[in-house]
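Engineer: Pasting a structure here, questions to come.
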Protein chains: 4
Amino acid sequence: MSDQVKLKAAILGASGYTGAETVRLLRAHPHVEAVAATGHSLAGKQLSQIFPHLAGPTDLLVVKAGDVDWSQIDVAFSCLPHGTSQDLIETLPDHVKVVDLSADYRLRDADLYAETYGRDHLNPARTAAVKYGLPEWRGTSLTGETLVACPGCYPTATLLALLPLMQGAIDPEHIIIDAKSGVSGAGRGLKEGNLFSEAAEGTHPYGIGTHRHAPEIEQELNLQAGRSDIGVTFTPHLLPMVRGELITAHVRGDVGQIQTALETQYADAPFVTVLPLGSSPPDTKHVRGTNNCRIAVYPDRVKGRVVVIAVIDNLVKGSSGQAIQNLNLMMGWDETLGLDHLQAVFP
Amino acid sequence: MSDQVKLKAAILGASGYTGAETVRLLRAHPHVEAVAATGHSLAGKQLSQIFPHLAGPTDLLVVKAGDVDWSQIDVAFSCLPHGTSQDLIETLPDHVKVVDLSADYRLRDADLYAETYGRDHLNPARTAAVKYGLPEWRGTSLTGETLVACPGCYPTATLLALLPLMQGAIDPEHIIIDAKSGVSGAGRGLKEGNLFSEAAEGTHPYGIGTHRHAPEIEQELNLQAGRSDIGVTFTPHLLPMVRGELITAHVRGDVGQIQTALETQYADAPFVTVLPLGSSPPDTKHVRGTNNCRIAVYPDRVKGRVVVIAVIDNLVKGSSGQAIQNLNLMMGWDETLGLDHLQAVFP
Amino acid sequence: MSDQVKLKAAILGASGYTGAETVRLLRAHPHVEAVAATGHSLAGKQLSQIFPHLAGPTDLLVVKAGDVDWSQIDVAFSCLPHGTSQDLIETLPDHVKVVDLSADYRLRDADLYAETYGRDHLNPARTAAVKYGLPEWRGTSLTGETLVACPGCYPTATLLALLPLMQGAIDPEHIIIDAKSGVSGAGRGLKEGNLFSEAAEGTHPYGIGTHRHAPEIEQELNLQAGRSDIGVTFTPHLLPMVRGELITAHVRGDVGQIQTALETQYADAPFVTVLPLGSSPPDTKHVRGTNNCRIAVYPDRVKGRVVVIAVIDNLVKGSSGQAIQNLNLMMGWDETLGLDHLQAVFP
Amino acid sequence: MSDQVKLKAAILGASGYTGAETVRLLRAHPHVEAVAATGHSLAGKQLSQIFPHLAGPTDLLVVKAGDVDWSQIDVAFSCLPHGTSQDLIETLPDHVKVVDLSADYRLRDADLYAETYGRDHLNPARTAAVKYGLPEWRGTSLTGETLVACPGCYPTATLLALLPLMQGAIDPEHIIIDAKSGVSGAGRGLKEGNLFSEAAEGTHPYGIGTHRHAPEIEQELNLQAGRSDIGVTFTPHLLPMVRGELITAHVRGDVGQIQTALETQYADAPFVTVLPLGSSPPDTKHVRGTNNCRIAVYPDRVKGRVVVIAVIDNLVKGSSGQAIQNLNLMMGWDETLGLDHLQAVFP
């Protein structure tokens with residue numbers, strides 16, 4: 001595919017972190033170019049006024065979504081908040097493919113969506129049918145799709161670690177996910193708790209027993225296990241770092257069997273690495289700035305218990321990078337396009 | 001007690017963080033003064049050359065332990081590494097009371113000590129008899145003791161949260177402790193992983209299934225439950241912050257019963273606060289620089305599962321502050337002496 | 001003075017960082033107790049709901065300033081923004097002593113105030129007469145004052161370092177102040193630039209040539225030099241840390257003479273330490289959480305140039321601690337009351 | 001140039017941060033591949049054991065320099081400490097081109113080298129002749145060179161900002177450079193001051209008047225000005241961040257003239273951006289992970305004084321990225337090869 005026929009992309013909600021990250025990553029994509037950026041309160045500004053690191057020849061003017069000439073757009077990345085996202089997506093013309101980074105089409109059950117997100121879904125039939133875009137699991141089945149829902153950041157790391165184990169490698173009655181995230185996962189919204197002065201040099205859990213990513217994780221685990229009754233403990237913590245997400249899954253099973261299931265599953269996955277048994281533990285910094293996920297398995301001191309660790313960069317594999325990976329698959333391209341040059345920024 | 005008869009304290013291993021913190025805290029103690037500081041490679045320096053924040057009129061010269069005039073010393077705080085600590089403690093004259101911040105006298109079973117710490121204990125009989133100084137649980141029983149072993153930082157937070165639950169409030173077969181610590185917990189030793197460039201902006205677990213604090217936690221939980229078979233999962237993580245420790249205990253039981261057991265236990269404890277049900281989660285920063293522990297209880301989304309959170313400052317309640325609290329009790333003083341003025345440094 | 005007759009203090013603007021810090025520090029003051037806390041949007045909440053670290057028996061209900069029974073108040077600490085501060089202070093009954101932490105009464109010249117802060121001053125005569133409360137320089141002259149203006153954080157560090165040099169030790173035509181501050185100096189206001197995700201792991205200057213603390217610095221330097229034409233370069237930078245302020249003053253003069261002038265000036269100052277020539281450089285962390293200022297002098301490689309460094313904790317010596325020091329002097333008390341127990345939290 | 005004839009590179013001192021960064025960056029270079037990595041104490045390990053983020057198909061075994069088959073090597077990047085670097089470089093066979101990231105060939109005057117670095121230079125004639133590789137200033141004159149000395153990180157940012165001003169835009173008698181660097185600039189050496197616990201949440205200056213980068217800066221400024229008497233004040237500070245370097249140059253001149261000189265100089269420079277007058281200040285985070293330098297000019301409040309700001313990533317433009325840029329020029333290639341895909345990792 002030559003440059004002349006690059007896909008034209010609109011970034012919806014470009015003034016948030018996932019929007020900016022999508023713009024950044026697309027600059028290196030050989031077949032896609034961002035040509036439109038939308039925002040609400042910041043419409044009228046250049047994107048580089050909001051995010052100086054994006055200054056350069058391909059700077060974009062932020063416009064209201066209603067001012068985009070959709071006839072010129074091939075694909076939209078929706079980086080909008082849930083709710084707002086479906087409100088816009090449902091109005092887009094049919095020819096626009098959509099990669100939705102919000103939570104709006106992740107849950108198949110519109111009732112569960114309403115219960116979890118506090119509003120009715122505009123299009124229950126559509127959300128029931130939309131593919132859940134965890135690329136390592138949907139793969140080429142995404143080719144030709146017109147709307148794909150990107151998993152949440154926590155579900156991405158969690159499901160990559162646990163989905164391969166749902167055919168019997170672990171006991172689904174005993175799944176405890178203790179999760180840790182950098183502050184960028186909370187987005188660019190202005191809250192005291194996200195101020196440097198408050199988030200630095202401390203940590204706390206949040207959303208214990210109530211986090212919205214838990215139903216999403218359960219949906220996919222049940223689907224994979226062919227069950228509907230699996231419930232998981234999911235306890236996220238806010239850490240004083242910008243990027244990075246680590247999940248610690250406390251499970252029951254056999255270490256060797258778990259390791260084999262993971263290695264087998266991801267033998268050919270370009271972005272998922274299963275570390276050999278006995279490796280030193282993965283650090284979020286080893287994947288920072290990349291679309292990679294690293295997984296490692298450890299025996300616990302209590303017989304029969306196993307600890308599975310997974311790390312990702314929440315803004316790349318947990319969000320914008322995975323969105324591009326999904327678009328690649330929707331278009332029938334190599335899933336690594338525009339992503340394989342990323343290398344971890346360490347230290 | 002007037003100033004003239006202040007207890008004279010020696011700080012063994014004053015060139016580490018717990019040594020420096022003990023010196024700092026003792027400066028505000030009405031009945032104790034640090035008069036000697038020992039070190040090995042740094043002997044001959046003023047303490048303020050090693051730790052400029054300790055400059056002042058009560059600055060101390062660091063000397064080798066062999067050069068201390070023990071006849072002038074009433075109490076020794078051992079901030080030495082395990083092994084080195086017992087080697088010195090066992091040589092001290094009988095009149096010197098000892099508060100040991102190392103791991104050397106925490107485990108009652110010398111075989112377990114040898115297995116855990118990789119060397120034989122010099123004095124198995126003594127370690128079997130030494131009081132484990134978790135002051136909220138030993139209280140006035142410490143009065144008159146000549147050697148008290150201070151709990152590790154992780155065990156302190158963990159046991160404060162779980163000991164009250166071992167009489168039936170939780171199922172001892174299902175205890176999973178996911179722990180998070182700031183980097184100061186690793187001490188002042190020079191390792192690449194503790195460099196700012198490597199520890200900042202990332203997180204990783206360590207010692208999965210093998211951390212030395214697990215046997216210590218199990219010892220005390222079993223003792224309290226009147227059992228010997230309780231095993232716990234203990235998975236610590238290194239966080240990019242200096243001070244602070246948070247433990248997330250995933251347990252099974254009834255939220256109300258657990259809350260009641262904790263509130264009852266600590267109704268009169270000056271340094272332990274059990275937050276009301278429904279509180280926003282405790283943050284390590286809320287106790288930074290203090291001898292306080294905050295505990296909170298949350299229902300999980302899976303019926304029957306409960307999450308108990310505890311936060312401490314690892315260098316104060318998890319180490320030097322608790323050591324002073326123990327000395328207070330050994331001396332028959334109010335346990336809050338020299339500690340009750342500490343207030344959390346926030347933000 | 002016994003507890004029965006403790007001074008009753010109101011904290012105006014208690015929902016900001018300097019308000020919270022004043023509450024925190026007053027808890028250790030033997031002669032003052034905070035009995036009222038005011039706020040606007042957060043009125044009706046307990047202070048501990050806003051700042052959990054302040055939970056405890058002396059928790060306060062935040063009320064609107066109009067709802068305070070001023071007849072019960074002896075002293076008000078105004079932690080309000082400039083403008084808002086004078087609007088309230090000018091309405092307080094005469095018996096209420098005021099320590100103003102805002103910028104409202106720092107500039108003697110109401111025209112300069114209007115130019116600098118963009119609004120007219122309500123009481124030009126009063127601001128012209130109010131004592132500028134740099135305690136090391138005003139000392140007992142503050143006794144009996146009813147309103148004292150606390151210096152800004154940057155001016156505090158800068159003036160402590162430079163005022164002693166204005167009698168000839170340095171050339172007033174060549175003063176360049178390159179300043180560095182932690183993010184808490186920006187307060188609790190919600191701005192993208194103060195989010196953890198944006199302030200962490202980076203640094204930038206701000207307010208180059210336009211920062212409001214420059215006229216304040218110039219006012220005091222000129223006053224001390226008996227001149228009116230001294231102008232200074234003042235270039236502040238935001239650093240990825242919470243607390244701490246460091247000023248690097250590039251001046252011209254003789255190292256020995258500068259050192260002597262500083263040592264002489266602060267020989268008896270309880271909170272200012274002039275390090276010996278040749279000392280390793282002061283770090284903001286050496287004074288964190290304290291009311292201390294450390295100053296050090298270094299010869300530059302260019303003959304005749306000298307570098308003077310000063311470090312403070314912007315929230316203590318640069319704000320709430322200094323305010324209490326000022327109150328102590330206003331009351332004729334020892335200036336160290338309630339402040340001398342503070343020790344640097346290191347690491 | 002096809003893949004078959006890729007230049008074969010050896011990384012000398014691959015176990016440090018600049019070594020690792022060079023390996024990382026070369027992975028994206030179309031015409032060069034790293035085929036050897038040397039180390040001393042870590043020889044025998046895979047590079048990925050030292051730096052897990054470098055794991056992958058092109059992992060390298062670290063060997064001692066004496067064990068490299070130099071006949072297979074086209075170019076060596078020396079990431080060794082000064083001294084060690086020349087000791088090895090002087091033994092390399094003639095066909096090996098060398099890009100030296102150490103300080104060993106930066107100073108033309110061997111006497112100044114000896115005075116600054118405390119040892120005699122092995123090859124005074126060579127260091128006098130070696131090109132100082134600031135690519136924006138040496139450009140195609142580097143083509144065909146066999147040894148190029150890469151500037152230090154501070155000099156890179158400083159010289160990019162000041163060299164264009166040495167033809168009269170500023171007064172060379174009044175140059176003050178106040179510099180700020182992240183901790184990675186100190187390398188991977190084990191020192192207490194670089195521990196997370198000590199470097200986090202604080203800042204301090206260092207090497208005041210004595211830093212080794214000052215003579216290097218002076219050498220190039222004098223050369224450009226056609227003088228030999230220009231001296232500069234250079235005061236670096238350690239900041240609690242990993243990557244990033246910001247220099248604040250306090251100079252005297254006319255803002256418009258300075259801005260024009262910079263814009264003219266860098267109109268076609270691919271990696272240097274001069275921000276328009278009035279821009280919000282550059283942040284190190286805007287260039288993190290890239291080979292970019294951003295420069296901005298601000299009028300000071302004191303007439304005739306100007307503040308020039310420059311930001312770089314010390315490990316890329318300040319080190320490994322610039323080294324690759326130099327190699328590109330030595331080989332007669334486009335200087336952006338392998339570097340133009342890098343985009344700032346923000347937030």
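Letters for chains follow the order of the structure tokens (A, B, ...), residue numbers begin at 1 for each chain, and ligand numbers begin at 1 in the order shown.
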For chain B, work out the contacting residues on chain A at 7 Å, counting only C-alpha atoms, and write them as an MDAnalysis selection string.
Structural biologist: chainID A and resid 197:198 201:206 208:210 231:233 240:242 244 281:285 298:302 347
Engineer: Within 7 Å of range 97-112 of chain C, counting only C-alpha atoms, which residues show up once you throw out same-chain ones fewer than 5 positions away? Write them as a ChimeraX atom specification, please.
Structural biologist: /C:74-83,85-86,121,124,127-130,132,146-152,216,319,323,327
Engineer: From a DSSP pass on the backbone, collect the residues of range 18-82 of chain C flagged as alpha helix (DSSP H) and hand them back as a PyMOL selection string.
Structural biologist: chain C and resi 18-26+47-50
Engineer: Quick one: write out the picked residues with N, CA, C and O atoms as a PDB file, in the first residue's frame?
Structural biologist:
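The resulting file, again.pdb, is reproduced below:
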```
ATOM      1  N   THR C  18      -1.519  25.078  52.538  1.00  0.00           N
ATOM      2  CA  THR C  18      -0.955  25.862  53.639  1.00  0.00           C
ATOM      3  C   THR C  18      -1.927  25.883  54.824  1.00  0.00           C
ATOM      4  O   THR C  18      -1.504  25.919  55.968  1.00  0.00           O
ATOM      5  N   GLY C  19      -3.222  25.837  54.522  1.00  0.00           N
ATOM      6  CA  GLY C  19      -4.197  25.744  55.605  1.00  0.00           C
ATOM      7  C   GLY C  19      -4.031  24.448  56.378  1.00  0.00           C
ATOM      8  O   GLY C  19      -3.949  24.438  57.617  1.00  0.00           O
ATOM      9  N   ALA C  20      -3.966  23.350  55.647  1.00  0.00           N
ATOM     10  CA  ALA C  20      -3.809  22.047  56.307  1.00  0.00           C
ATOM     11  C   ALA C  20      -2.511  21.979  57.090  1.00  0.00           C
ATOM     12  O   ALA C  20      -2.464  21.421  58.193  1.00  0.00           O
ATOM     13  N   GLU C  21      -1.466  22.558  56.514  1.00  0.00           N
ATOM     14  CA  GLU C  21      -0.172  22.502  57.191  1.00  0.00           C
ATOM     15  C   GLU C  21      -0.204  23.340  58.475  1.00  0.00           C
ATOM     16  O   GLU C  21       0.400  22.972  59.493  1.00  0.00           O
ATOM     17  N   THR C  22      -0.912  24.460  58.437  1.00  0.00           N
ATOM     18  CA  THR C  22      -1.019  25.280  59.650  1.00  0.00           C
ATOM     19  C   THR C  22      -1.771  24.512  60.738  1.00  0.00           C
ATOM     20  O   THR C  22      -1.355  24.503  61.903  1.00  0.00           O
ATOM     21  N   VAL C  23      -2.851  23.864  60.356  1.00  0.00           N
ATOM     22  CA  VAL C  23      -3.588  23.042  61.324  1.00  0.00           C
ATOM     23  C   VAL C  23      -2.675  21.984  61.918  1.00  0.00           C
ATOM     24  O   VAL C  23      -2.608  21.784  63.135  1.00  0.00           O
ATOM     25  N   ARG C  24      -1.958  21.295  61.050  1.00  0.00           N
ATOM     26  CA  ARG C  24      -1.060  20.234  61.493  1.00  0.00           C
ATOM     27  C   ARG C  24      -0.026  20.766  62.485  1.00  0.00           C
ATOM     28  O   ARG C  24       0.181  20.187  63.562  1.00  0.00           O
ATOM     29  N   LEU C  25       0.613  21.859  62.140  1.00  0.00           N
ATOM     30  CA  LEU C  25       1.685  22.375  62.988  1.00  0.00           C
ATOM     31  C   LEU C  25       1.140  22.918  64.312  1.00  0.00           C
ATOM     32  O   LEU C  25       1.763  22.762  65.362  1.00  0.00           O
ATOM     33  N   LEU C  26      -0.033  23.531  64.258  1.00  0.00           N
ATOM     34  CA  LEU C  26      -0.586  24.098  65.502  1.00  0.00           C
ATOM     35  C   LEU C  26      -0.901  23.017  66.536  1.00  0.00           C
ATOM     36  O   LEU C  26      -0.936  23.285  67.732  1.00  0.00           O
ATOM     37  N   LEU C  47     -12.782  18.614  58.302  1.00  0.00           N
ATOM     38  CA  LEU C  47     -11.467  18.796  57.691  1.00  0.00           C
ATOM     39  C   LEU C  47     -10.842  17.435  57.333  1.00  0.00           C
ATOM     40  O   LEU C  47     -10.167  17.294  56.312  1.00  0.00           O
ATOM     41  N   SER C  48     -11.135  16.437  58.152  1.00  0.00           N
ATOM     42  CA  SER C  48     -10.557  15.115  57.896  1.00  0.00           C
ATOM     43  C   SER C  48     -11.157  14.426  56.674  1.00  0.00           C
ATOM     44  O   SER C  48     -10.618  13.433  56.191  1.00  0.00           O
ATOM     45  N   GLN C  49     -12.291  14.938  56.188  1.00  0.00           N
ATOM     46  CA  GLN C  49     -12.810  14.379  54.936  1.00  0.00           C
ATOM     47  C   GLN C  49     -12.006  14.912  53.755  1.00  0.00           C
ATOM     48  O   GLN C  49     -11.879  14.259  52.731  1.00  0.00           O
ATOM     49  N   ILE C  50     -11.509  16.111  53.922  1.00  0.00           N
ATOM     50  CA  ILE C  50     -10.697  16.724  52.862  1.00  0.00           C
ATOM     51  C   ILE C  50      -9.251  16.242  52.960  1.00  0.00           C
ATOM     52  O   ILE C  50      -8.625  15.915  51.965  1.00  0.00           O
TER      53      ILE C  50
END
```
Engineer: Compare C:Gln257, C:Asn328, C:Gln322, C:Gln343 by their minimum atom-to-atom distance to Pro52 in chain B, counting only C-alpha atoms, and give me the closest one.
Structural biologist: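 Of C:Gln257, C:Asn328, C:Gln322, C:Gln343, the one nearest Pro52 in chain B is C:Gln343, counting only C-alpha atoms.
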Engineer: Among range 73-314 of chain A, which ones does DSSP place in strand (DSSP E or B), written as a PyMOL selection string?
Structural biologist: chain A and resi 75-78+97-100+131-132+147-149+170+176-181+195+204-205+233-238+245-253+272-274+293-299+305-312
Engineer: Residues within 12 Å of Leu190 in chain A, please, as a PyMOL selection string. Count only C-alpha atoms; anything in the same chain fewer than 2 positions from it doesn't count.
Structural biologist: (chain A and resi 16+184+186-188+192-196) or (chain C and resi 188-198)
Engineer: For the selection you just gave me, I'd like the residues written to a file as a PDB file, in the first residue's frame, keeping N, CA, C and O atoms.
Structural biologist:
```pdb
ATOM      1  N   GLY A  16      -7.351  14.085  25.502  1.00  0.00           N
ATOM      2  CA  GLY A  16      -7.010  13.219  26.632  1.00  0.00           C
ATOM      3  C   GLY A  16      -5.733  12.446  26.343  1.00  0.00           C
ATOM      4  O   GLY A  16      -5.171  12.550  25.250  1.00  0.00           O
ATOM      5  N   SER A 184      -1.534   7.736  35.043  1.00  0.00           N
ATOM      6  CA  SER A 184      -2.078   8.105  33.733  1.00  0.00           C
ATOM      7  C   SER A 184      -3.330   7.302  33.406  1.00  0.00           C
ATOM      8  O   SER A 184      -4.137   7.721  32.576  1.00  0.00           O
ATOM      9  N   ALA A 186      -5.791   7.121  35.144  1.00  0.00           N
ATOM     10  CA  ALA A 186      -6.946   7.913  35.583  1.00  0.00           C
ATOM     11  C   ALA A 186      -7.279   9.030  34.598  1.00  0.00           C
ATOM     12  O   ALA A 186      -8.233   9.775  34.811  1.00  0.00           O
ATOM     13  N   GLY A 187      -6.517   9.130  33.533  1.00  0.00           N
ATOM     14  CA  GLY A 187      -6.804  10.137  32.520  1.00  0.00           C
ATOM     15  C   GLY A 187      -6.378  11.529  32.917  1.00  0.00           C
ATOM     16  O   GLY A 187      -5.679  11.732  33.917  1.00  0.00           O
ATOM     17  N   ARG A 188      -6.823  12.493  32.109  1.00  0.00           N
ATOM     18  CA  ARG A 188      -6.386  13.871  32.301  1.00  0.00           C
ATOM     19  C   ARG A 188      -7.403  14.700  33.072  1.00  0.00           C
ATOM     20  O   ARG A 188      -7.277  15.921  33.162  1.00  0.00           O
ATOM     21  N   GLU A 192      -8.347  16.214  42.706  1.00  0.00           N
ATOM     22  CA  GLU A 192      -7.282  16.412  43.697  1.00  0.00           C
ATOM     23  C   GLU A 192      -6.389  15.170  43.797  1.00  0.00           C
ATOM     24  O   GLU A 192      -5.176  15.269  43.910  1.00  0.00           O
ATOM     25  N   GLY A 193      -7.013  14.016  43.802  1.00  0.00           N
ATOM     26  CA  GLY A 193      -6.250  12.790  43.993  1.00  0.00           C
ATOM     27  C   GLY A 193      -5.226  12.521  42.904  1.00  0.00           C
ATOM     28  O   GLY A 193      -4.311  11.730  43.099  1.00  0.00           O
ATOM     29  N   ASN A 194      -5.388  13.156  41.760  1.00  0.00           N
ATOM     30  CA  ASN A 194      -4.435  12.961  40.673  1.00  0.00           C
ATOM     31  C   ASN A 194      -3.364  14.042  40.601  1.00  0.00           C
ATOM     32  O   ASN A 194      -2.501  14.007  39.728  1.00  0.00           O
ATOM     33  N   LEU A 195      -3.444  14.994  41.518  1.00  0.00           N
ATOM     34  CA  LEU A 195      -2.404  16.021  41.569  1.00  0.00           C
ATOM     35  C   LEU A 195      -1.069  15.386  41.964  1.00  0.00           C
ATOM     36  O   LEU A 195      -1.038  14.440  42.756  1.00  0.00           O
ATOM     37  N   PHE A 196      -0.003  15.919  41.452  1.00  0.00           N
ATOM     38  CA  PHE A 196       1.312  15.400  41.811  1.00  0.00           C
ATOM     39  C   PHE A 196       1.487  15.373  43.326  1.00  0.00           C
ATOM     40  O   PHE A 196       1.946  14.389  43.907  1.00  0.00           O
TER      41      PHE A 196
ATOM     42  N   ARG C 188      -3.289  23.608  45.783  1.00  0.00           N
ATOM     43  CA  ARG C 188      -4.177  22.477  45.498  1.00  0.00           C
ATOM     44  C   ARG C 188      -5.105  22.755  44.327  1.00  0.00           C
ATOM     45  O   ARG C 188      -6.037  21.986  44.072  1.00  0.00           O
ATOM     46  N   GLY C 189      -4.877  23.866  43.640  1.00  0.00           N
ATOM     47  CA  GLY C 189      -5.736  24.202  42.507  1.00  0.00           C
ATOM     48  C   GLY C 189      -5.617  23.163  41.413  1.00  0.00           C
ATOM     49  O   GLY C 189      -4.562  22.563  41.211  1.00  0.00           O
ATOM     50  N   LEU C 190      -6.720  22.970  40.705  1.00  0.00           N
ATOM     51  CA  LEU C 190      -6.765  21.920  39.699  1.00  0.00           C
ATOM     52  C   LEU C 190      -6.336  22.473  38.339  1.00  0.00           C
ATOM     53  O   LEU C 190      -7.090  23.174  37.673  1.00  0.00           O
ATOM     54  N   LYS C 191      -5.114  22.148  37.969  1.00  0.00           N
ATOM     55  CA  LYS C 191      -4.604  22.532  36.653  1.00  0.00           C
ATOM     56  C   LYS C 191      -3.893  21.327  36.053  1.00  0.00           C
ATOM     57  O   LYS C 191      -3.235  20.574  36.777  1.00  0.00           O
ATOM     58  N   GLU C 192      -3.997  21.179  34.753  1.00  0.00           N
ATOM     59  CA  GLU C 192      -3.366  20.025  34.096  1.00  0.00           C
ATOM     60  C   GLU C 192      -1.880  19.925  34.464  1.00  0.00           C
ATOM     61  O   GLU C 192      -1.358  18.848  34.714  1.00  0.00           O
ATOM     62  N   GLY C 193      -1.218  21.058  34.477  1.00  0.00           N
ATOM     63  CA  GLY C 193       0.225  21.033  34.714  1.00  0.00           C
ATOM     64  C   GLY C 193       0.614  20.515  36.083  1.00  0.00           C
ATOM     65  O   GLY C 193       1.766  20.132  36.303  1.00  0.00           O
ATOM     66  N   ASN C 194      -0.328  20.495  37.017  1.00  0.00           N
ATOM     67  CA  ASN C 194      -0.030  19.997  38.355  1.00  0.00           C
ATOM     68  C   ASN C 194      -0.437  18.546  38.553  1.00  0.00           C
ATOM     69  O   ASN C 194      -0.257  17.993  39.635  1.00  0.00           O
ATOM     70  N   LEU C 195      -1.000  17.937  37.505  1.00  0.00           N
ATOM     71  CA  LEU C 195      -1.337  16.516  37.601  1.00  0.00           C
ATOM     72  C   LEU C 195      -0.054  15.692  37.718  1.00  0.00           C
ATOM     73  O   LEU C 195       0.973  16.037  37.135  1.00  0.00           O
ATOM     74  N   PHE C 196      -0.156  14.609  38.443  1.00  0.00           N
ATOM     75  CA  PHE C 196       1.014  13.736  38.569  1.00  0.00           C
ATOM     76  C   PHE C 196       1.558  13.355  37.201  1.00  0.00           C
ATOM     77  O   PHE C 196       2.763  13.403  36.951  1.00  0.00           O
ATOM     78  N   SER C 197       0.645  12.979  36.298  1.00  0.00           N
ATOM     79  CA  SER C 197       1.091  12.482  34.995  1.00  0.00           C
ATOM     80  C   SER C 197       1.878  13.531  34.219  1.00  0.00           C
ATOM     81  O   SER C 197       2.707  13.188  33.376  1.00  0.00           O
ATOM     82  N   GLU C 198       1.646  14.782  34.482  1.00  0.00           N
ATOM     83  CA  GLU C 198       2.338  15.822  33.724  1.00  0.00           C
ATOM     84  C   GLU C 198       3.542  16.385  34.476  1.00  0.00           C
ATOM     85  O   GLU C 198       4.539  16.758  33.865  1.00  0.00           O
TER      86      GLU C 198
END
```
Engineer: Determine, counting only C-alpha atoms, which protein, DNA and RNA residues have an atom within 9 Å of an atom of range 260-269 of chain D; residues of the same chain fewer than 2 positions away are not included. Present the result as a PyMOL selection string.
Structural biologist: chain D and resi 136+160-165+169+255-258+271-276+295
Engineer: So that I can check the surroundings of Val68 in chain B, please list as a PyMOL selection string every protein, DNA and RNA residue that reaches within 10 Å of it, counting only C-alpha atoms and ignoring chain neighbours fewer than 2 positions away.
Structural biologist: chain B and resi 10+35-38+62-66+70-73
Engineer: Rank B:Thr143, B:Asn123, B:Gln167, B:Thr91 by their smallest atom-to-atom distance to Gly253 in chain B, using only C-alpha atoms, and report the top residue only.
Structural biologist: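 Distance minimum relative to Gly253 in chain B lands on B:Gln167.
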Engineer: Name all residues at most 7 Å from Leu7 in chain C (count only C-alpha atoms; drop same-chain ones fewer than 5 positions away) and give them as a PyMOL selection string.
Structural biologist: chain C and resi 31-33+74
Engineer: Go ahead and save the picked residues with N, CA and C atoms, as a compact mmCIF listing (two decimals), in the first residue's frame.
Structural biologist:
```txt
# COMPACT_ATOMS: atom_id res chain seq x y z
N HIS C 31 0.71 26.86 73.14
CA HIS C 31 -0.07 28.02 73.56
C HIS C 31 -1.19 28.40 72.61
N VAL C 32 -1.36 27.63 71.53
CA VAL C 32 -2.37 27.98 70.53
C VAL C 32 -3.15 26.73 70.16
N GLU C 33 -4.44 26.89 69.94
CA GLU C 33 -5.19 25.76 69.39
C GLU C 33 -6.09 26.25 68.27
N ASP C 74 -9.04 34.57 68.74
CA ASP C 74 -7.96 35.50 69.08
C ASP C 74 -7.08 35.83 67.89
```
Engineer: What is the CA of Pro93 in chain D to CA of Lys45 in chain D distance in Å?
Structural biologist: 25.7 Å
Engineer: Find the distance between CA of Ala114 in chain B and CA of Asn222 in chain B and write it in Å to one decimal.
Structural biologist: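 Distance reported for this atom pair: 19.7 Å.
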Engineer: At what distance in Å, to one decimal, does CA of Lys131 in chain A lie from CA of Leu221 in chain A?
Structural biologist: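 Those two atoms sit 15.0 Å apart.
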Engineer: His213 in chain A: which residues within 7 Å, counting only C-alpha atoms, same-chain residues fewer than 4 positions away excluded, as a PyMOL selection string?
Structural biologist: chain A and resi 152+154-155+217
